[in-house]
Structures are given as C-alpha cells and as structure tokens.
Amino acid sequence: MKTLCRIALAMTCGIAPAAAQTFPSSAGNLSIETVASGLTNPWALAFLPDGRMLVTERPGRLRIVARDGKLSSVAGVPAVRASGQGGLHDVVLDRDFTRNKTIYLCYAEPASGGGRTAMARARLSDSETPKLDDVNVIFRQEGPLSSGNHYGCRIVQGRDGNLWLTMGDHFTQRDEAQNLANHIGKIVRVTPDGAVPPDNPFVNRKDAKPEIWSYGHRNSQGAALHPQTGKLWEHEHGPRGGDEINIPLAGKNYGWPVIGYGVDYSGAKIHEATEKAGMEQPVKYWVPSIAPSGMAFYTGFLLGAWKGNLFVGALAGQMLVRLELDGEKITKEERLLTNLRERIRDVRQGPDGALWLLTDSGNGKVLRITPAK
C-alpha cells in the first residue's frame, strides 16, 4: 500500500518514486517510473479525462490502468484473432469523448481461417464493472486475409472528426499494396459511422475502393496528427532496412513494394529502385531497421526543451527515438533509453506533460518519463 501511495503521489506531484531509473539524454537525465506492470503484450494506451488510461493487450483484453497502477478489465471487447502479430491493437478516444463516451478499437478480426484489420466504435460504460456498449464494426479490410502478420492498425482522428486507419500488406501479399481494388497496404479514411467522406481521393473511380486515402504502404504501426498543420504523419516497417516516416497525402502512392531502401529478410532484392516517378519519397528512412511502433508529437512544457519534437518507439531497436523537425523536414535524431533494453510498443504524451510508454513483452509495463530531480 505504501508503494502505491508513493506512486500515486509521484504522479500527482511530478516527483519520481525511489524505484525510478535514471537515463541520460541531451536535455539532462530522465527519470523512468514503472506505473504498472504485468500486462501481456500491451499495444496502445489512451488517456481518460480523469488521468486513468485505457490499455489494450494483444491477446484481446482492454484494461483500465488507474493512477496507482491498479488494473481492471473492460468487458464487451470484440472477438480478436490473437495469432502471430495480430490481436487487439489500437484504442483512441473520440474528440468529443466527454460528451459521447465513444472510443474506437482496431484489431485483427477472425475471418474464414485468417484475419483482417477491423475497426469498431463503442461506448465506454465506466461503472464499477466497466464494459463496452453499442459495439459496431465500422470498417473491415477487404482483400486477401492475413495468416497472422502485418495488420497495421493505428487510428488517428482528424480535426474534421473523420478517422484515418493504417493497414498492412499481410506480409505474403505485398504486391496488393499497389492494387486499388482492395484495402491491402493502404491507409483508409472513413467517418465515425464508417461512411466514405465525399472528399476522399478515389470516390469517383470505379476501379478503386472509395475508403482509400493513400497506398503503397507495408505495415504502419505508428501514426499521429501534426499539432500545427493537422496533417497525418505515419511510419511503417521496412523489410531488412527501409523503415519509413511519411506524411501521407490524399491519393498518393508511397511505393511499397516497387521502391524502397531495404532488402528481403533473405538478403534478396525486392525493389525496382529507391525512386520512381509517381511514387513519393519518405520524410525519413532507417537502414538498418529499428522496427518503429507508436508515434507522438510533443507539445507540453514538462520536457520543454523537446517541445515540437516527434517521438517514435522502436521494437527491434529497443529504444525511444527523438526527432527534431524544421517544418516537414527531420533535422536531427537522438536515441534514448537504449540501456532500458525494452521493446517500446507505444508512446503518448500524457495530460501531465510526461511521455508515457508501453513495453512489448509478456510482462509489459506502463512507463512514465519525466526530468530527473
């Protein structure tokens, strides 16, 4: 009980508990506090208005994490296909959550022996026994099914209320990322009810799915809204090398698998070239791969030296990457928490101005980053 009280006090007052670890950075030492542990492959977190968090676990559980680290489960989550990389993935609150209690979930939906990326809308009933009510699937990916890989599954709500959803190429179907007749390897944009916004780029093309926003993506596990421009930014896994950050614009082709900067896992050549007319270049790419997951722009004051920076978690890289920006150009990279030796699955800015992380393991943790005192 005393430990929980110390953690609760630290979260309220911004004071790191005695058990916090310290790591170096260009802006001074960072304090890393473990707020919760014992999660099974947590994938995404979203802050509730009172400071508690919704956290997804890939096997199919949605949790509420209290300010003292206590875990509770939310009933009513849709059935997921928890196999390989698939399961329950992203969770976001609607922009008008305080009024409508609406959340959105992305997950691997079981279908005919395989899986597909799906997005559901639900209302959170935050009672003594929390549950989801009025669960409706508002989007289902069309195209060849996945055997367990490359679902993408990040959700971003734009300023207009419409939803972007990232998707993968299902690993074995990479050429379909160039086929506008399905949703494989695409980013889609739909309304909160799942309808097609009339200004989507392919609405009037009979040979294209009208939900498509952009295409030629491999497996995007991080996306965020730029706080000044309102543009969508996303990153995606390359194969062996060639992880990318893109600013996906309506109707544009981002090249996978025709162009890129990596090779196949066997070392074999995949791409025709690194550039091709009619295909967009990334804002940044990594060779070798870091396996990016989770993305957040920092707008707070607690880590004031980093205001306006972009943060990206890394799985294979086991670190947090800080990127300095000049407009839409990335000018500098700093690799943080390399000695933590944890796969960073998600990164978010909390209402307290701290950076919050999820670690991807069978004993996944919720971590809070603040300046060391």
# chains A, B, ... in the order shown; residues from 1 in each chain; ligands from 1

$ select_by_dssp --residues "stretch 78-241 of chain A" --states "strand (DSSP E or B)" --output "PyMOL selection string"
chain A and resi 88-93+102-111+114-125+131-140+146+155-157+163-166+168+186-190+212-215+219+222-225+232-236+240

$ closest_atom_pairs --of "stretch 197-302 of chain A" --to "stretch 131-149 of chain A" --cutoff "12 Å" --atoms "only C-alpha atoms" --output "CSV"
residue,atom,partner,partner_atom,distance
A:Ala208,CA,A:Glu142,CA,11.7
A:Lys209,CA,A:Glu142,CA,9.1
A:Pro210,CA,A:Glu142,CA,11.8
A:Glu211,CA,A:Phe139,CA,9.3
A:Ile212,CA,A:Gln141,CA,10.6
A:Arg218,CA,A:Asn149,CA,11.0
A:Asn219,CA,A:Asn149,CA,9.1
A:Ser220,CA,A:Asn149,CA,11.8
A:Gln221,CA,A:Asn149,CA,11.9
A:His237,CA,A:Asn149,CA,11.9

$ write_last_selection --atoms "N, CA, C and O atoms" --output "compact mmCIF listing (two decimals), in the first residue's frame"
# COMPACT_ATOMS: atom_id res chain seq x y z
N ALA A 208 -11.35 1.58 -57.84
CA ALA A 208 -10.68 1.79 -56.56
C ALA A 208 -11.69 1.76 -55.42
O ALA A 208 -12.85 2.17 -55.58
N LYS A 209 -11.22 1.29 -54.26
CA LYS A 209 -12.06 1.33 -53.06
C LYS A 209 -12.18 2.79 -52.59
O LYS A 209 -11.16 3.47 -52.41
N PRO A 210 -13.38 3.27 -52.36
CA PRO A 210 -13.56 4.69 -52.05
C PRO A 210 -13.02 5.08 -50.67
O PRO A 210 -12.82 6.27 -50.41
N GLU A 211 -12.79 4.10 -49.79
CA GLU A 211 -12.26 4.43 -48.47
C GLU A 211 -10.77 4.79 -48.50
O GLU A 211 -10.25 5.38 -47.55
N ILE A 212 -10.07 4.44 -49.59
CA ILE A 212 -8.62 4.61 -49.64
C ILE A 212 -8.23 6.08 -49.61
O ILE A 212 -8.75 6.89 -50.37
N ARG A 218 3.61 -0.63 -46.34
CA ARG A 218 3.94 -2.00 -45.96
C ARG A 218 3.25 -2.43 -44.67
O ARG A 218 2.45 -3.37 -44.68
N ASN A 219 3.55 -1.74 -43.56
CA ASN A 219 2.96 -2.15 -42.28
C ASN A 219 3.13 -1.00 -41.30
O ASN A 219 4.15 -0.89 -40.63
N SER A 220 2.14 -0.15 -41.23
CA SER A 220 2.24 1.07 -40.44
C SER A 220 1.72 0.85 -39.03
O SER A 220 0.53 0.66 -38.82
N GLN A 221 2.61 0.93 -38.05
CA GLN A 221 2.23 0.72 -36.64
C GLN A 221 2.39 2.00 -35.82
O GLN A 221 2.41 1.95 -34.59
N HIS A 237 7.05 -0.22 -41.06
CA HIS A 237 8.17 -1.15 -41.06
C HIS A 237 8.63 -1.40 -42.49
O HIS A 237 7.82 -1.68 -43.37

$ closest_residue --among "A:Thr166, A:Thr56, A:Ser266, A:Asn200" --to "A:Gly185" --atoms "only C-alpha atoms"
A:Thr166

$ closest_residue --among "A:His170, A:Lys231, A:Lys284, A:Lys365" --to "A:Leu325" --atoms "only C-alpha atoms"
A:Lys284

$ closest_residue --among "A:Arg345, A:Arg240, A:Leu323, A:Pro351" --to "A:Leu302" --atoms "only C-alpha atoms"
A:Pro351

$ closest_residue --among "A:Phe297, A:His235, A:Val80, A:Val92" --to "A:Phe47" --atoms "only C-alpha atoms"
A:Val92

$ atom_distance --atom1 "atom CA of A:Val263" --atom2 "atom CA of A:Gln318"
21.3 Å

$ residues_around --residues "A:Gln85" --least-positions-apart "3" --cutoff "10 Å" --atoms "only C-alpha atoms" --output "JSON, numbers by chain"
{"A": [58, 59, 81, 82, 88, 89, 108, 147, 148, 149, 150, 151, 152]}

$ select_by_dssp --residues "stretch 58-168 of chain A" --states "helix (DSSP H, G or I)" --output "mmCIF file with N, CA, C and O atoms, in the first residue's frame"
data_model
loop_
_atom_site.group_PDB
_atom_site.id
_atom_site.type_symbol
_atom_site.label_atom_id
_atom_site.label_comp_id
_atom_site.auth_asym_id
_atom_site.auth_seq_id
_atom_site.Cartn_x
_atom_site.Cartn_y
_atom_site.Cartn_z
ATOM 1 N N PHE A 97 -15.273 12.820 -26.545
ATOM 2 C CA PHE A 97 -15.489 11.718 -25.597
ATOM 3 C C PHE A 97 -16.212 12.170 -24.335
ATOM 4 O O PHE A 97 -17.042 11.432 -23.799
ATOM 5 N N THR A 98 -15.908 13.343 -23.828
ATOM 6 C CA THR A 98 -16.535 13.769 -22.574
ATOM 7 C C THR A 98 -18.050 13.846 -22.693
ATOM 8 O O THR A 98 -18.759 13.704 -21.695
ATOM 9 N N ARG A 99 -18.531 14.026 -23.921
ATOM 10 C CA ARG A 99 -19.983 14.077 -24.126
ATOM 11 C C ARG A 99 -20.552 12.722 -24.532
ATOM 12 O O ARG A 99 -21.566 12.282 -23.997
ATOM 13 N N ASN A 100 -19.874 12.040 -25.493
ATOM 14 C CA ASN A 100 -20.484 10.838 -26.080
ATOM 15 C C ASN A 100 -19.898 9.519 -25.578
ATOM 16 O O ASN A 100 -20.422 8.450 -25.916
#

$ closest_residue --among "A:Thr129, A:Gln173, A:Ser26, A:Gln21" --to "A:Glu334" --atoms "only C-alpha atoms"
A:Ser26

$ atom_distance --atom1 "atom CA of A:Gly114" --atom2 "atom CA of A:Gly242"
27.3 Å

$ closest_residue --among "A:Ser83, A:Thr299, A:Thr102, A:Asn162" --to "A:Gly115" --atoms "only C-alpha atoms"
A:Ser83

$ residues_around --residues "A:Ser73" --least-positions-apart "4" --cutoff "8 Å" --atoms "only C-alpha atoms" --output "number ranges by chain"
A: 61-64, 130

$ residues_around --residues "A:Gly255" --least-positions-apart "6" --cutoff "7 Å" --atoms "only C-alpha atoms" --output "list of chain:residue names"
A:Gly216, A:Met279, A:Glu280

$ write_last_selection --atoms "all heavy atoms" --output "PDB file, in the first residue's frame"
ATOM      1  N   GLY A 216       0.402   1.919 -51.203  1.00  0.00           N
ATOM      2  CA  GLY A 216       1.817   1.589 -51.278  1.00  0.00           C
ATOM      3  C   GLY A 216       2.502   1.594 -49.924  1.00  0.00           C
ATOM      4  O   GLY A 216       3.664   1.960 -49.799  1.00  0.00           O
ATOM      5  N   MET A 279       5.736   8.090 -57.470  1.00  0.00           N
ATOM      6  CA  MET A 279       5.789   7.492 -56.138  1.00  0.00           C
ATOM      7  C   MET A 279       6.525   8.427 -55.195  1.00  0.00           C
ATOM      8  O   MET A 279       7.523   9.047 -55.579  1.00  0.00           O
ATOM      9  CB  MET A 279       6.448   6.113 -56.176  1.00  0.00           C
ATOM     10  CG  MET A 279       5.667   5.108 -56.999  1.00  0.00           C
ATOM     11  SD  MET A 279       6.401   3.457 -56.984  1.00  0.00           S
ATOM     12  CE  MET A 279       5.205   2.577 -58.014  1.00  0.00           C
ATOM     13  N   GLU A 280       6.016   8.528 -53.955  1.00  0.00           N
ATOM     14  CA  GLU A 280       6.512   9.514 -53.005  1.00  0.00           C
ATOM     15  C   GLU A 280       7.737   9.006 -52.245  1.00  0.00           C
ATOM     16  O   GLU A 280       7.865   7.822 -51.954  1.00  0.00           O
ATOM     17  CB  GLU A 280       5.413   9.880 -52.008  1.00  0.00           C
ATOM     18  CG  GLU A 280       4.122  10.355 -52.649  1.00  0.00           C
ATOM     19  CD  GLU A 280       4.320  11.552 -53.541  1.00  0.00           C
ATOM     20  OE1 GLU A 280       4.941  12.535 -53.077  1.00  0.00           O
ATOM     21  OE2 GLU A 280       3.863  11.511 -54.706  1.00  0.00           O
TER      22      GLU A 280
END
